[in-house]
Amino acid sequence: MVAERRRGERVTFERGISAHMMGIDGTWRRDCTMEDISETGAKLTVDGSVEGLHLKEFFLLLSSTGLAYRRCELAWVNGDQIGVNFLKQDKKKKTRRTQAAEA
């Protein structure tokens, strides 16, 4: 049995939640099912192969319009399931944008 590595509490979905994965540059997209989620990451079941995809950094799209999303990086692969870590926005960049908008 694999030891639990996730730091935060996990919410498991009985039937999974439909989602999409998309490359940062928009060159690829895959349907997936979000099996569980925590504050820091999620477990996904990917439709189709992940072979050849750039999974260092990608978007997990949670809405059909793409308005709800998280930047992710690959943590592990086990068959058609992958674990992802959510990447946090750089606070320095956010601060600069906020200051520019206020000026």
# chains A, B, ... in the order shown; residues from 1 in each chain; ligands from 1
$ residues_around --residues "Gly16 (chain A)" --least-positions-apart "6" --cutoff "8 Å" --atoms "only C-alpha atoms" --output "ChimeraX atom specification"
/A:33-36
$ atom_distance --atom1 "CA of Ala42 (chain A)" --atom2 "CA of Gly83 (chain A)"
5.9 Å
$ residues_around --residues "Ser38 (chain A)" --least-positions-apart "2" --cutoff "7 Å" --atoms "only C-alpha atoms" --output "VMD selection string"
chain A and resid 8 to 11 40 to 42
$ select_by_dssp --residues "region 20-80 of chain A" --states "strand (DSSP E or B)" --output "JSON list (two decimals) with C-alpha atoms, in the first residue's frame"
[["chain", "number", "residue", "atom", "x", "y", "z"],
["A", 20, "HIS", "CA", -10.20, 18.92, -19.31],
["A", 21, "MET", "CA", -6.44, 19.21, -19.40],
["A", 22, "MET", "CA", -4.83, 21.69, -21.78],
["A", 23, "GLY", "CA", -1.23, 22.54, -22.57],
["A", 29, "ARG", "CA", -6.14, 19.03, -24.86],
["A", 30, "ARG", "CA", -7.44, 15.85, -23.17],
["A", 31, "ASP", "CA", -10.69, 15.00, -21.43],
["A", 32, "CYS", "CA", -10.24, 13.73, -17.89],
["A", 33, "THR", "CA", -12.14, 12.89, -14.73],
["A", 34, "MET", "CA", -11.18, 14.46, -11.43],
["A", 35, "GLU", "CA", -11.30, 11.62, -8.89],
["A", 36, "ASP", "CA", -10.31, 13.64, -5.82],
["A", 37, "ILE", "CA", -8.98, 17.05, -4.90],
["A", 41, "GLY", "CA", -3.48, 18.95, -5.84],
["A", 42, "ALA", "CA", -5.76, 16.37, -7.43],
["A", 43, "LYS", "CA", -5.96, 12.86, -8.86],
["A", 44, "LEU", "CA", -7.13, 12.62, -12.47],
["A", 45, "THR", "CA", -8.09, 9.76, -14.76],
["A", 46, "VAL", "CA", -7.07, 10.76, -18.29],
["A", 58, "PHE", "CA", -0.51, 22.58, -17.91],
["A", 59, "PHE", "CA", -4.02, 23.84, -17.18],
["A", 60, "LEU", "CA", -6.79, 21.81, -15.56],
["A", 61, "LEU", "CA", -10.02, 23.32, -16.94],
["A", 69, "TYR", "CA", -9.01, 26.56, -14.09],
["A", 70, "ARG", "CA", -5.85, 25.72, -12.13],
["A", 71, "ARG", "CA", -2.23, 25.68, -13.30],
["A", 72, "CYS", "CA", -0.78, 22.24, -12.59],
["A", 73, "GLU", "CA", 2.39, 20.21, -12.73],
["A", 74, "LEU", "CA", 2.67, 16.44, -12.93],
["A", 75, "ALA", "CA", 3.43, 14.69, -9.63],
["A", 76, "TRP", "CA", 3.05, 11.01, -10.58],
["A", 77, "VAL", "CA", 1.66, 8.61, -13.22],
["A", 78, "ASN", "CA", 0.03, 5.23, -12.64]]
